[in-house]
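**Q** So I've got this file, entry-v5.tsv, and it contains TSV, C-alpha atoms and all ligand atoms:
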chain	number	residue	atom	x	y	z
A	2	MET	CA	21.21	63.07	62.31
A	3	GLU	CA	23.93	65.05	64.13
A	4	GLN	CA	24.66	61.86	66.09
A	5	GLN	CA	26.67	60.48	63.18
A	6	PHE	CA	29.29	63.22	63.71
A	7	ILE	CA	29.96	62.50	67.37
A	8	SER	CA	33.49	61.20	67.63
A	9	THR	CA	34.18	57.67	68.73
A	10	LEU	CA	37.69	58.60	69.91
A	11	SER	CA	38.58	57.63	73.43
A	12	THR	CA	42.11	59.06	73.51
A	13	THR	CA	43.12	60.68	76.78
A	14	ALA	CA	45.60	63.52	77.17
A	15	SER	CA	48.40	61.32	78.47
A	16	GLU	CA	48.52	59.45	75.13
A	17	LEU	CA	48.61	62.63	73.07
A	18	LYS	CA	51.66	63.94	71.29
A	19	SER	CA	52.43	67.28	69.70
A	20	GLY	CA	52.06	67.64	65.98
A	21	SER	CA	50.97	69.77	63.11
A	22	VAL	CA	48.52	69.41	60.20
A	23	SER	CA	47.68	71.72	57.33
A	24	ALA	CA	44.94	72.30	54.78
A	25	LYS	CA	44.21	74.59	51.86
A	26	SER	CA	40.63	75.54	51.09
A	27	PRO	CA	39.18	77.86	48.46
A	28	SER	CA	36.53	80.51	48.76
A	29	ASN	CA	33.18	80.00	47.03
A	30	ILE	CA	30.63	82.20	45.28
A	31	ALA	CA	26.95	81.39	45.65
A	32	LEU	CA	24.67	81.31	42.61
A	33	VAL	CA	21.55	80.76	44.72
A	34	LYS	CA	22.16	82.57	47.98
A	35	TYR	CA	21.93	81.52	51.61
A	36	TRP	CA	20.46	84.45	53.53
A	37	GLY	CA	18.72	83.70	56.80
A	38	LYS	CA	19.34	80.99	59.35
A	39	LYS	CA	17.74	79.15	62.24
A	40	LYS	CA	19.33	77.92	65.47
A	41	ASN	CA	22.61	75.98	65.11
A	42	GLN	CA	23.45	77.42	61.71
A	43	ILE	CA	20.56	75.69	59.93
A	44	PRO	CA	19.83	77.55	56.68
A	45	THR	CA	16.34	78.86	55.96
A	46	ASN	CA	16.71	77.90	52.29
A	47	SER	CA	18.91	75.81	50.02
A	48	SER	CA	21.89	77.38	48.25
A	49	ILE	CA	24.47	76.38	45.66
A	50	SER	CA	27.92	77.78	44.92
A	51	TYR	CA	30.88	77.48	42.65
A	52	THR	CA	34.09	76.65	44.47
A	53	LEU	CA	36.87	78.96	43.31
A	54	THR	CA	40.50	78.26	42.44
A	55	ASN	CA	42.81	81.20	43.12
A	56	SER	CA	41.12	82.67	46.20
A	57	TYR	CA	42.00	80.37	49.07
A	58	THR	CA	43.16	80.11	52.67
A	59	GLU	CA	46.07	77.94	53.75
A	60	THR	CA	46.14	76.97	57.41
A	61	GLU	CA	48.63	75.12	59.51
A	62	LEU	CA	47.32	73.93	62.86
A	63	LYS	CA	49.95	73.10	65.48
A	64	PHE	CA	48.86	71.23	68.58
A	65	SER	CA	50.56	70.28	71.84
A	66	PRO	CA	49.02	68.54	74.87
A	67	LYS	CA	48.08	70.51	77.96
A	68	THR	CA	46.37	69.69	81.24
A	69	SER	CA	44.04	72.63	81.95
A	70	ASP	CA	40.42	72.17	80.96
A	71	THR	CA	39.95	75.37	78.94
A	72	PHE	CA	40.32	76.13	75.22
A	73	GLU	CA	43.69	77.66	74.36
A	74	VAL	CA	44.37	79.04	70.93
A	75	GLU	CA	46.64	81.61	69.31
A	76	VAL	CA	45.96	82.82	65.77
A	77	TYR	CA	48.65	84.14	63.43
A	78	LEU	CA	47.58	85.76	60.15
A	79	GLU	CA	50.41	86.09	57.61
A	80	GLY	CA	52.87	85.39	60.46
A	81	GLU	CA	51.49	88.07	62.77
A	82	LEU	CA	49.79	87.26	66.08
A	83	LYS	CA	46.16	88.44	65.94
A	84	GLU	CA	44.75	88.45	69.43
A	85	SER	CA	41.41	89.71	68.17
A	86	PHE	CA	40.94	86.51	66.07
A	87	ALA	CA	41.09	84.06	69.00
A	88	PRO	CA	37.54	84.68	70.35
A	89	LYS	CA	36.04	83.67	66.98
A	90	ILE	CA	37.93	80.37	67.08
A	91	ILE	CA	36.97	79.82	70.74
A	92	THR	CA	33.30	80.34	69.83
A	93	PHE	CA	33.77	77.84	66.99
A	94	PHE	CA	35.37	75.34	69.43
A	95	GLU	CA	32.46	75.76	71.84
A	96	ARG	CA	30.01	74.93	69.05
A	97	ILE	CA	31.87	71.82	67.89
A	98	THR	CA	33.14	70.44	71.18
A	99	ALA	CA	30.48	67.69	71.17
A	100	TYR	CA	31.92	66.40	67.86
A	101	ILE	CA	35.66	66.97	68.42
A	102	PRO	CA	36.44	65.67	71.89
A	103	PHE	CA	40.11	66.70	72.12
A	104	LEU	CA	39.73	70.46	71.77
A	105	ASN	CA	40.42	71.18	75.44
A	106	GLN	CA	43.27	68.68	75.65
A	107	PHE	CA	45.59	70.62	73.34
A	108	LYS	CA	47.01	74.07	73.08
A	109	PHE	CA	46.55	75.17	69.44
A	110	GLU	CA	48.47	77.56	67.24
A	111	VAL	CA	46.71	78.53	64.01
A	112	HIS	CA	48.96	79.89	61.25
A	113	THR	CA	46.85	81.13	58.42
A	114	HIS	CA	47.42	82.84	55.10
A	115	ASN	CA	44.95	84.10	52.47
A	116	SER	CA	45.86	84.25	48.77
A	117	PHE	CA	43.73	87.40	48.47
A	118	PRO	CA	44.45	90.67	50.30
A	119	HIS	CA	42.83	90.88	53.75
A	120	SER	CA	41.41	94.29	52.87
A	121	SER	CA	39.88	93.16	49.58
A	122	GLY	CA	36.39	92.69	51.00
A	123	ILE	CA	36.44	89.03	49.92
A	124	ALA	CA	35.10	87.11	52.88
A	125	SER	CA	37.78	84.86	54.32
A	126	SER	CA	35.34	83.11	56.65
A	127	ALA	CA	34.28	80.46	54.11
A	128	SER	CA	37.79	79.43	53.09
A	129	GLY	CA	39.18	80.02	56.60
A	130	MET	CA	36.61	77.97	58.50
A	131	SER	CA	36.69	75.23	55.90
A	132	ALA	CA	40.51	74.98	56.12
A	133	MET	CA	40.27	74.93	59.92
A	134	ALA	CA	37.64	72.16	59.87
A	135	LEU	CA	39.75	70.08	57.47
A	136	CYS	CA	42.70	70.42	59.89
A	137	LEU	CA	40.63	69.28	62.88
A	138	VAL	CA	39.37	66.19	61.07
A	139	GLN	CA	42.97	65.34	60.15
A	140	ILE	CA	43.94	65.49	63.83
A	141	GLU	CA	40.96	63.31	64.71
A	142	ASN	CA	42.19	60.76	62.17
A	143	ILE	CA	45.78	60.95	63.49
A	144	LEU	CA	44.39	60.20	66.96
A	145	GLY	CA	42.75	57.06	65.62
A	146	ALA	CA	39.30	57.93	64.26
A	147	ASN	CA	40.27	56.48	60.85
A	148	LEU	CA	37.39	58.03	58.96
A	149	SER	CA	37.20	57.19	55.25
A	150	GLU	CA	38.01	60.03	52.85
A	151	GLU	CA	34.31	60.50	52.14
A	152	ASP	CA	33.39	60.60	55.82
A	153	SER	CA	36.31	62.92	56.60
A	154	LEU	CA	35.08	65.47	54.04
A	155	LYS	CA	31.50	65.13	55.21
A	156	LYS	CA	32.54	65.74	58.80
A	157	ALA	CA	34.75	68.69	57.78
A	158	SER	CA	31.78	70.20	55.92
A	159	PHE	CA	29.55	69.62	58.96
A	160	LEU	CA	32.08	71.32	61.27
A	161	ALA	CA	32.81	74.17	58.83
A	162	ARG	CA	29.09	74.96	58.75
A	163	LEU	CA	29.17	75.55	62.49
A	164	GLY	CA	32.00	78.08	61.96
A	165	SER	CA	30.43	79.95	59.05
A	166	GLY	CA	27.43	78.60	57.15
A	167	SER	CA	28.72	79.04	53.62
A	168	ALA	CA	32.05	77.46	54.62
A	169	CYS	CA	30.43	74.01	54.43
A	170	ARG	CA	30.31	74.41	50.65
A	171	SER	CA	34.07	75.13	50.33
A	172	VAL	CA	35.07	71.60	51.32
A	173	TYR	CA	34.28	70.25	47.85
A	174	LYS	CA	35.20	71.31	44.32
A	175	GLY	CA	32.76	72.05	41.54
A	176	LEU	CA	29.22	73.08	42.36
A	177	VAL	CA	28.21	72.46	45.95
A	178	GLU	CA	24.69	72.50	47.33
A	179	TRP	CA	23.66	73.06	50.95
A	180	GLY	CA	20.19	72.83	52.48
A	181	GLU	CA	17.67	70.03	52.60
A	182	ASN	CA	15.11	69.89	49.80
A	183	ASP	CA	13.09	67.24	48.02
A	184	PHE	CA	14.70	67.62	44.60
A	185	ILE	CA	18.42	67.01	45.23
A	186	GLU	CA	19.24	63.56	46.46
A	187	GLY	CA	21.32	63.53	49.63
A	188	SER	CA	20.80	67.25	50.28
A	189	SER	CA	21.11	68.22	53.93
A	190	ASP	CA	20.90	71.22	56.25
A	191	LEU	CA	23.90	69.88	58.15
A	192	PHE	CA	26.60	69.76	55.48
A	193	GLY	CA	27.31	70.61	51.86
A	194	THR	CA	26.82	68.06	49.08
A	195	LYS	CA	28.80	68.04	45.86
A	196	TYR	CA	26.38	68.42	42.96
A	197	PRO	CA	27.24	65.61	40.50
A	198	ASP	CA	29.58	66.71	37.69
A	199	VAL	CA	27.64	64.51	35.24
A	200	GLU	CA	24.58	66.70	35.79
A	201	ILE	CA	26.49	69.80	34.70
A	202	HIS	CA	27.02	70.80	31.07
A	203	ASP	CA	30.70	71.25	30.19
A	204	VAL	CA	30.30	74.94	29.44
A	205	PHE	CA	29.59	75.64	33.11
A	206	LYS	CA	32.87	73.98	34.05
A	207	THR	CA	34.79	76.60	32.07
A	208	PHE	CA	33.43	79.64	33.90
A	209	HIS	CA	35.64	82.49	35.00
A	210	ASP	CA	34.91	84.60	38.07
A	211	THR	CA	36.67	87.95	37.85
A	212	ILE	CA	36.09	89.90	41.04
A	213	LEU	CA	35.94	93.68	40.75
A	214	LEU	CA	37.24	95.07	44.04
A	215	ILE	CA	34.90	98.05	44.12
A	216	HIS	CA	35.39	98.78	47.78
A	217	GLU	CA	38.30	97.40	49.75
A	218	GLY	CA	37.95	97.20	53.51
A	219	GLN	CA	35.49	96.08	56.15
A	220	LYS	CA	31.83	95.75	55.17
A	221	SER	CA	29.46	98.02	57.07
A	222	VAL	CA	27.21	95.10	58.09
A	223	SER	CA	28.44	91.61	59.01
A	224	SER	CA	26.71	88.61	57.48
A	225	THR	CA	25.66	87.50	61.00
A	226	VAL	CA	23.70	90.73	61.43
A	227	GLY	CA	22.31	90.35	57.90
A	228	HIS	CA	21.08	86.79	58.51
A	229	ASN	CA	19.44	87.88	61.75
A	230	LEU	CA	17.59	90.70	60.03
A	231	MET	CA	15.71	88.01	58.07
A	232	ASN	CA	13.94	87.11	61.34
A	233	GLY	CA	10.65	88.95	61.24
A	234	HIS	CA	11.44	90.40	57.80
A	235	PRO	CA	8.08	90.94	56.03
A	236	TYR	CA	9.32	89.33	52.81
A	237	ALA	CA	11.40	86.55	54.37
A	238	GLU	CA	9.01	83.64	53.88
A	239	ARG	CA	8.48	84.46	50.21
A	240	ARG	CA	12.24	84.79	49.74
A	241	PHE	CA	12.92	81.36	51.28
A	242	VAL	CA	10.35	79.76	48.97
A	243	GLU	CA	11.73	81.60	45.94
A	244	ALA	CA	15.33	80.61	46.67
A	245	ASN	CA	14.33	76.95	46.66
A	246	GLU	CA	12.30	77.47	43.47
A	247	ASN	CA	15.31	79.15	41.85
A	248	LEU	CA	17.60	76.29	42.80
A	249	LYS	CA	15.11	73.78	41.41
A	250	ALA	CA	14.85	75.82	38.18
A	251	LEU	CA	18.64	76.04	37.90
A	252	LEU	CA	19.17	72.26	37.72
A	253	PRO	CA	17.76	71.67	34.18
A	254	ILE	CA	19.61	74.81	33.06
A	255	LEU	CA	22.89	73.38	34.37
A	256	LYS	CA	22.21	70.16	32.54
A	257	SER	CA	21.28	71.71	29.18
A	258	GLY	CA	24.03	74.35	29.05
A	259	ASP	CA	21.62	77.27	28.64
A	260	ILE	CA	24.04	80.10	29.53
A	261	LYS	CA	21.51	82.89	29.09
A	262	ALA	CA	18.96	81.31	31.43
A	263	PHE	CA	21.78	80.62	33.91
A	264	GLY	CA	22.95	84.26	33.85
A	265	GLU	CA	19.47	85.69	34.23
A	266	LEU	CA	18.68	83.46	37.19
A	267	VAL	CA	22.00	84.21	38.89
A	268	GLU	CA	21.65	87.98	38.45
A	269	HIS	CA	18.10	87.85	39.80
A	270	GLU	CA	19.37	85.99	42.88
A	271	ALA	CA	22.10	88.58	43.51
A	272	LEU	CA	19.73	91.54	43.21
A	273	THR	CA	17.16	89.80	45.40
A	274	LEU	CA	19.77	89.33	48.13
A	275	HIS	CA	20.53	93.05	48.08
A	276	ALA	CA	16.83	93.94	47.86
A	277	MET	CA	16.24	91.92	51.04
A	278	MET	CA	18.93	93.98	52.76
A	279	MET	CA	17.38	97.22	51.58
A	280	MET	CA	13.96	96.11	52.84
A	281	SER	CA	15.15	95.01	56.28
A	282	ASN	CA	14.69	97.04	59.41
A	283	PRO	CA	17.11	98.69	59.93
A	284	ALA	CA	17.81	98.87	56.21
A	285	PHE	CA	21.27	98.71	54.75
A	286	ILE	CA	22.83	99.16	51.34
A	287	LEU	CA	26.06	97.31	50.62
A	288	MET	CA	26.34	98.35	46.98
A	289	LYS	CA	28.43	101.45	46.30
A	290	PRO	CA	27.82	103.90	43.44
A	291	ASN	CA	30.57	102.15	41.46
A	292	THR	CA	28.85	98.77	41.97
A	293	VAL	CA	25.76	100.11	40.21
A	294	ALA	CA	27.86	101.88	37.54
A	295	ALA	CA	29.68	98.61	36.78
A	296	LEU	CA	26.40	96.66	36.53
A	297	GLU	CA	24.92	99.20	34.12
A	298	LYS	CA	28.04	99.12	31.97
A	299	LEU	CA	27.93	95.32	31.97
A	300	TRP	CA	24.29	95.26	30.84
A	301	GLU	CA	25.05	97.73	28.08
A	302	PHE	CA	28.00	95.58	26.89
A	303	ARG	CA	25.82	92.48	26.89
A	304	ARG	CA	23.06	94.20	24.93
A	305	GLU	CA	25.50	95.49	22.35
A	306	THR	CA	27.78	92.49	21.90
A	307	GLY	CA	25.70	89.50	22.93
A	308	ASN	CA	28.68	88.16	24.87
A	309	HIS	CA	27.81	85.95	27.83
A	310	LEU	CA	28.87	88.23	30.65
A	311	TYR	CA	26.81	88.03	33.85
A	312	PHE	CA	27.30	89.11	37.45
A	313	THR	CA	26.63	88.04	40.96
A	314	LEU	CA	27.19	89.85	44.25
A	315	ASP	CA	27.94	88.59	47.71
A	316	ALA	CA	27.12	90.52	50.87
A	317	GLY	CA	29.33	93.45	49.89
A	318	ALA	CA	30.09	95.99	47.18
A	319	ASN	CA	32.34	93.81	44.99
A	320	VAL	CA	31.07	92.48	41.68
A	321	HIS	CA	31.72	88.88	40.61
A	322	LEU	CA	31.81	88.69	36.82
A	323	LEU	CA	30.81	85.27	35.54
A	324	TYR	CA	31.56	84.23	31.96
A	325	PRO	CA	32.43	81.10	29.99
A	326	GLU	CA	35.84	80.47	28.46
A	327	GLN	CA	34.39	80.79	24.94
A	328	ASP	CA	33.79	84.55	25.45
A	329	ALA	CA	36.71	85.24	27.78
A	330	GLU	CA	38.96	87.04	25.34
A	331	ALA	CA	36.51	89.79	24.36
A	332	ILE	CA	35.20	90.11	27.90
A	333	GLU	CA	38.64	90.52	29.42
A	334	VAL	CA	39.44	93.37	27.03
A	335	PHE	CA	36.14	94.99	28.12
A	336	ILE	CA	36.97	94.52	31.82
A	337	GLU	CA	40.38	96.13	31.41
A	338	ASN	CA	39.07	99.04	29.30
A	339	GLU	CA	35.67	99.71	30.84
A	340	LEU	CA	35.23	98.09	34.25
A	341	LYS	CA	38.63	98.41	35.88
A	342	LYS	CA	38.01	102.12	36.46
A	343	PHE	CA	35.20	101.29	38.90
A	344	CYS	CA	37.59	99.36	41.17
A	345	GLN	CA	38.85	101.25	44.20
A	346	ASN	CA	42.54	100.99	43.37
A	347	GLY	CA	42.06	99.65	39.87
A	348	ASN	CA	42.30	96.17	41.41
A	349	TYR	CA	40.46	93.07	40.37
A	350	ILE	CA	41.09	89.37	40.96
A	351	LYS	CA	41.01	86.83	38.16
A	352	ASP	CA	39.58	83.60	39.41
A	353	LYS	CA	37.99	80.50	37.91
A	354	VAL	CA	35.65	77.75	38.94
A	355	ASN	CA	37.34	74.63	40.23
A	356	PHE	CA	36.35	71.27	38.69
B	1	LIG	O1	28.44	82.08	55.59
B	1	LIG	P1	28.03	83.45	55.97
B	1	LIG	O2	27.30	83.48	57.28
B	1	LIG	O3	29.15	84.45	55.91
B	1	LIG	O4	26.92	83.96	54.88
B	1	LIG	C1	27.20	84.07	53.54
B	1	LIG	C2	26.07	84.68	52.83
B	1	LIG	C3	26.26	85.01	51.36
B	1	LIG	O5	27.62	85.02	50.99
B	1	LIG	C4	25.68	86.38	51.08
B	1	LIG	C5	25.49	84.02	50.47
B	1	LIG	C6	26.06	82.64	50.33
B	1	LIG	O6	25.27	81.72	50.11
B	1	LIG	O7	27.30	82.46	50.36
When written as structure tokens, how does the structure in this file appear?
Ligand code: PMV

**A**
Amino acid sequence: MEQQFISTLSTTASELKSGSVSAKSPSNIALVKYWGKKKNQIPTNSSISYTLTNSYTETELKFSPKTSDTFEVEVYLEGELKESFAPKIITFFERITAYIPFLNQFKFEVHTHNSFPHSSGIASSASGMSAMALCLVQIENILGANLSEEDSLKKASFLARLGSGSACRSVYKGLVEWGENDFIEGSSDLFGTKYPDVEIHDVFKTFHDTILLIHEGQKSVSSTVGHNLMNGHPYAERRFVEANENLKALLPILKSGDIKAFGELVEHEALTLHAMMMMSNPAFILMKPNTVAALEKLWEFRRETGNHLYFTLDAGANVHLLYPEQDAEAIEVFIENELKKFCQNGNYIKDKVNF
């Protein structure tokens, strides 16, 4: 299957010119979570995420020919040279060199910018790796690969996955699925697949994602370490089965527009992810006291008002508030009056799904 992504380019360094490409890619928030992986970034279960709108990475990739046989890359974040970022890109290049043959023929300069603050605790790896992969496929096309738009996106998703698993879902808008299963046509472990818009009730296309920045700064455990702790985890196999069952159960809910069932499933997924972390060895807790306080307040608000306000969590302390446009007005007053105080500097990010 991977064979299809091996480049047919035969360009040699002497024919290469300098140039620059750029791409913008949003972050995503998973509804059914990817947690656990096998060799070569193959997920242990299927996942699905909303692609966001306002939280994105913009990357310009400058390239100029060189003769040495090594990888050469400099990374600038918000205009500042970040020497510590280069090894991550070099590791990414090593993983994808079989599919992008020109990586050692150019010297690269990566100029990257995130729309969200670096310290916000929002992972930039999904949007960052996806933007980087989109840039590389553009260069491949400039050099003569001439991939169709569909194949270009598929290849970018395939490459992004090798940079950061969840990044493969950021290549497409809407709801994006990743992981092979027998109930979504075209699903694959190798790349993300856009879940058809026609299968999604309109109400789910109006969802807001307001991100409470409960704890700004580095997470105490990286997602790489977290994924690895699923190896030998006593509850791992059951979790992988349940994640696939949850995704399968979500599909008719998406179709029918049952917001309550959607919210309950999504909250269960988020808490299960954190429960897996708490049950791993060594154990870790990424929620902060204010994460729990915000969730309790949210549940109380939902009980009292019946508004459709639900949450999900990624591998960190921040809370993603999910709600449809129809309830947005009341919910946003509640966020400002009752939830903002749980944010570290009173900061939250207003984002939306991207259809
Ligand atoms: O893509 P990674 O390796 O950073 O893992 C992301 C894992 C979660 O965000 C917790 C879940 C997901 O599916 O995005």

**Q** For CA of Glu16 (chain A) and CA of Thr68 (chain A), quote the distance in Å rounded to one decimal.

**A**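 Calculated distance between CA of Glu16 (chain A) and CA of Thr68 (chain A) is 12.1 Å.
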
**Q** Dump as CSV the rows for residues of chain A within 8 Å of ligand LIG 1 (chain B): closest atom pair and distance in Å with one decimal, all atoms listed in the file counted, ordered by chain and rising residue number.

**A**
residue,atom,partner,partner_atom,distance
A:Asn29,CA,B:LIG1,O7,7.2
A:Ile30,CA,B:LIG1,O7,6.1
A:Ala31,CA,B:LIG1,O6,4.8
A:Leu32,CA,B:LIG1,O6,7.5
A:Val33,CA,B:LIG1,O6,6.6
A:Lys34,CA,B:LIG1,O6,3.9
A:Tyr35,CA,B:LIG1,O6,3.7
A:Trp36,CA,B:LIG1,C2,5.7
A:Ser48,CA,B:LIG1,O6,5.8
A:Ile49,CA,B:LIG1,O6,7.0
A:Ser50,CA,B:LIG1,O6,7.0
A:Ala124,CA,B:LIG1,O3,7.2
A:Ser126,CA,B:LIG1,O3,6.4
A:Ala127,CA,B:LIG1,O1,6.2
A:Arg162,CA,B:LIG1,O1,7.8
A:Ser165,CA,B:LIG1,O1,4.5
A:Gly166,CA,B:LIG1,O1,3.9
A:Ser167,CA,B:LIG1,O1,3.6
A:Ala168,CA,B:LIG1,O1,5.9
A:Ser223,CA,B:LIG1,O3,7.8
A:Ser224,CA,B:LIG1,O3,5.1
A:Thr225,CA,B:LIG1,O2,5.7
A:His228,CA,B:LIG1,O2,7.2
A:Leu274,CA,B:LIG1,C4,7.2
A:Leu314,CA,B:LIG1,C4,7.8
A:Asp315,CA,B:LIG1,C4,4.6
A:Ala316,CA,B:LIG1,C4,4.4

**Q** Within 10 Å of Gly264 (chain A), counting all atoms listed in the file, which residues qualify if same-chain residues fewer than 3 places away don't, as a list in words?

**A**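 Here the answer would be Leu32, Asp259, Ile260, Lys261, Val267, Glu268, His269, Glu270, His309, Leu310, Tyr311, Phe312, Thr313, Leu323 and Tyr324 of chain A.
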
**Q** Could those selected residues go to a file with C-alpha atoms, as a CSV table (one decimal), keeping the file's coordinate frame?

**A**
chain,number,residue,atom,x,y,z
A,32,LEU,CA,24.7,81.3,42.6
A,259,ASP,CA,21.6,77.3,28.6
A,260,ILE,CA,24.0,80.1,29.5
A,261,LYS,CA,21.5,82.9,29.1
A,267,VAL,CA,22.0,84.2,38.9
A,268,GLU,CA,21.6,88.0,38.4
A,269,HIS,CA,18.1,87.8,39.8
A,270,GLU,CA,19.4,86.0,42.9
A,309,HIS,CA,27.8,86.0,27.8
A,310,LEU,CA,28.9,88.2,30.6
A,311,TYR,CA,26.8,88.0,33.8
A,312,PHE,CA,27.3,89.1,37.4
A,313,THR,CA,26.6,88.0,41.0
A,323,LEU,CA,30.8,85.3,35.5
A,324,TYR,CA,31.6,84.2,32.0

**Q** Can you tell me which residues surround Glu95 (chain A) at a distance of at most 12 Å, considering all atoms listed in the file, apart from same-chain residues fewer than 6 positions away, and format the answer as a PyMOL selection string?

**A** chain A and resi 41+71-73+88-89+101-105+160+163-164

**Q** Can you measure CA of Pro197 (chain A) to CA of Asn245 (chain A) for me? One decimal in Å is fine.

**A**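 Taking CA of Pro197 (chain A) and CA of Asn245 (chain A), their separation equals 18.3 Å.
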
**Q** With a distance cut-off of 10 Å and only C-alpha atoms, select the neighbouring residues of Asn147 (chain A), excluding the residue or stretch itself and same-chain residues fewer than 6 positions from it, and output the selection as a list of chain:residue names.

**A**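 That gives A:Leu10, A:Val138, A:Gln139, A:Glu141, A:Ser153.
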
**Q** Pick the closest to Asn346 (chain A) from A:Asp210, A:Glu3, A:Glu59, A:Glu217: which is it, counting only C-alpha atoms?

**A**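 Result for the nearest residue to Asn346 (chain A): A:Glu217.
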
**Q** Could you tell me which of A:Lys195, A:Arg240, A:Lys67, A:Lys40 comes closest to Lys174 (chain A) if we count all atoms listed in the file?

**A** A:Lys195

**Q** Within 6 Å of region 277-293 of chain A, counting all atoms listed in the file, which residues qualify if same-chain residues fewer than 4 places away don't, as an MDAnalysis selection string?

**A** chainID A and resid 317:318 343

**Q** Interatomic distance between CA of Glu110 (chain A) and CA of Leu62 (chain A)?

**A**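 Taking CA of Glu110 (chain A) and CA of Leu62 (chain A), their separation equals 5.8 Å.
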
**Q** Measuring atom to atom with all atoms listed in the file, identify which of A:Ile91, A:Ser47, A:Ser121, A:Asn338 is nearest to Lys220 (chain A).

**A**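 Smallest distance to Lys220 (chain A) is found for A:Ser121.
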
**Q** Can you work out which one of A:Leu230, A:Ile123, A:Val172, A:Val76 has the shortest atom-to-atom distance to Phe192 (chain A), counting all atoms listed in the file?

**A**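 Smallest distance to Phe192 (chain A) is found for A:Val172.
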
**Q** Out of A:Ala276, A:Leu296, A:Leu78, A:Leu248, which residue has the shortest atom-to-atom distance to Pro118 (chain A) when counting all atoms listed in the file?

**A**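 Smallest separation from Pro118 (chain A) among the options: A:Leu78.
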
**Q** Using only C-alpha atoms, which of the listed residues (A:Arg303, A:Lys351, A:Lys39, A:His209) sits closest to Leu191 (chain A)?

**A** A:Lys39

**Q** Would you mind listing what lies within 12 Å of Phe107 (chain A) as number ranges by chain, with only C-alpha atoms counted and same-chain residues fewer than 6 positions away left out?

**A** A: 13-21, 62-75, 94, 101, 137, 140

**Q** Taking all listed atoms of region 256-271 of chain A, build the axis-aligned box, pad each of the six sides by 8 Å, then write its centre and edge lengths in Å to one decimal as AutoDock Vina command-line options.

**A**
--center_x 21.1 --center_y 79.4 --center_z 36.1 --size_x 21.9 --size_y 34.4 --size_z 30.9

**Q** Return region 194-204 of chain A, completed with N, CA, C and O atoms, as a PDB file, keeping the file's coordinate frame.

**A**
ATOM      1  N   THR A 194      26.789  69.260  49.913  1.00  0.00           N
ATOM      2  CA  THR A 194      26.820  68.060  49.080  1.00  0.00           C
ATOM      3  C   THR A 194      27.323  68.465  47.696  1.00  0.00           C
ATOM      4  O   THR A 194      26.815  69.421  47.118  1.00  0.00           O
ATOM      5  N   LYS A 195      28.300  67.732  47.196  1.00  0.00           N
ATOM      6  CA  LYS A 195      28.800  68.040  45.860  1.00  0.00           C
ATOM      7  C   LYS A 195      27.720  67.709  44.844  1.00  0.00           C
ATOM      8  O   LYS A 195      27.190  66.597  44.831  1.00  0.00           O
ATOM      9  N   TYR A 196      27.364  68.677  44.004  1.00  0.00           N
ATOM     10  CA  TYR A 196      26.380  68.420  42.960  1.00  0.00           C
ATOM     11  C   TYR A 196      27.091  67.634  41.855  1.00  0.00           C
ATOM     12  O   TYR A 196      28.185  68.008  41.436  1.00  0.00           O
ATOM     13  N   PRO A 197      26.503  66.501  41.409  1.00  0.00           N
ATOM     14  CA  PRO A 197      27.240  65.610  40.500  1.00  0.00           C
ATOM     15  C   PRO A 197      27.724  66.287  39.220  1.00  0.00           C
ATOM     16  O   PRO A 197      26.935  66.930  38.519  1.00  0.00           O
ATOM     17  N   ASP A 198      29.007  66.126  38.911  1.00  0.00           N
ATOM     18  CA  ASP A 198      29.580  66.710  37.690  1.00  0.00           C
ATOM     19  C   ASP A 198      28.837  66.257  36.435  1.00  0.00           C
ATOM     20  O   ASP A 198      28.737  67.011  35.476  1.00  0.00           O
ATOM     21  N   VAL A 199      28.327  65.024  36.449  1.00  0.00           N
ATOM     22  CA  VAL A 199      27.640  64.510  35.240  1.00  0.00           C
ATOM     23  C   VAL A 199      26.335  65.251  34.962  1.00  0.00           C
ATOM     24  O   VAL A 199      25.809  65.182  33.855  1.00  0.00           O
ATOM     25  N   GLU A 200      25.828  65.944  35.966  1.00  0.00           N
ATOM     26  CA  GLU A 200      24.580  66.700  35.790  1.00  0.00           C
ATOM     27  C   GLU A 200      24.842  68.119  35.286  1.00  0.00           C
ATOM     28  O   GLU A 200      23.926  68.920  35.167  1.00  0.00           O
ATOM     29  N   ILE A 201      26.122  68.430  35.060  1.00  0.00           N
ATOM     30  CA  ILE A 201      26.490  69.800  34.700  1.00  0.00           C
ATOM     31  C   ILE A 201      27.085  69.830  33.299  1.00  0.00           C
ATOM     32  O   ILE A 201      28.062  69.120  33.013  1.00  0.00           O
ATOM     33  N   HIS A 202      26.507  70.646  32.439  1.00  0.00           N
ATOM     34  CA  HIS A 202      27.020  70.800  31.070  1.00  0.00           C
ATOM     35  C   HIS A 202      28.455  71.338  31.124  1.00  0.00           C
ATOM     36  O   HIS A 202      28.778  72.189  31.964  1.00  0.00           O
ATOM     37  N   ASP A 203      29.284  70.873  30.184  1.00  0.00           N
ATOM     38  CA  ASP A 203      30.700  71.250  30.190  1.00  0.00           C
ATOM     39  C   ASP A 203      30.941  72.760  30.197  1.00  0.00           C
ATOM     40  O   ASP A 203      31.912  73.232  30.769  1.00  0.00           O
ATOM     41  N   VAL A 204      30.046  73.503  29.534  1.00  0.00           N
ATOM     42  CA  VAL A 204      30.300  74.940  29.440  1.00  0.00           C
ATOM     43  C   VAL A 204      30.362  75.588  30.830  1.00  0.00           C
ATOM     44  O   VAL A 204      31.139  76.520  31.067  1.00  0.00           O
TER      45      VAL A 204
END
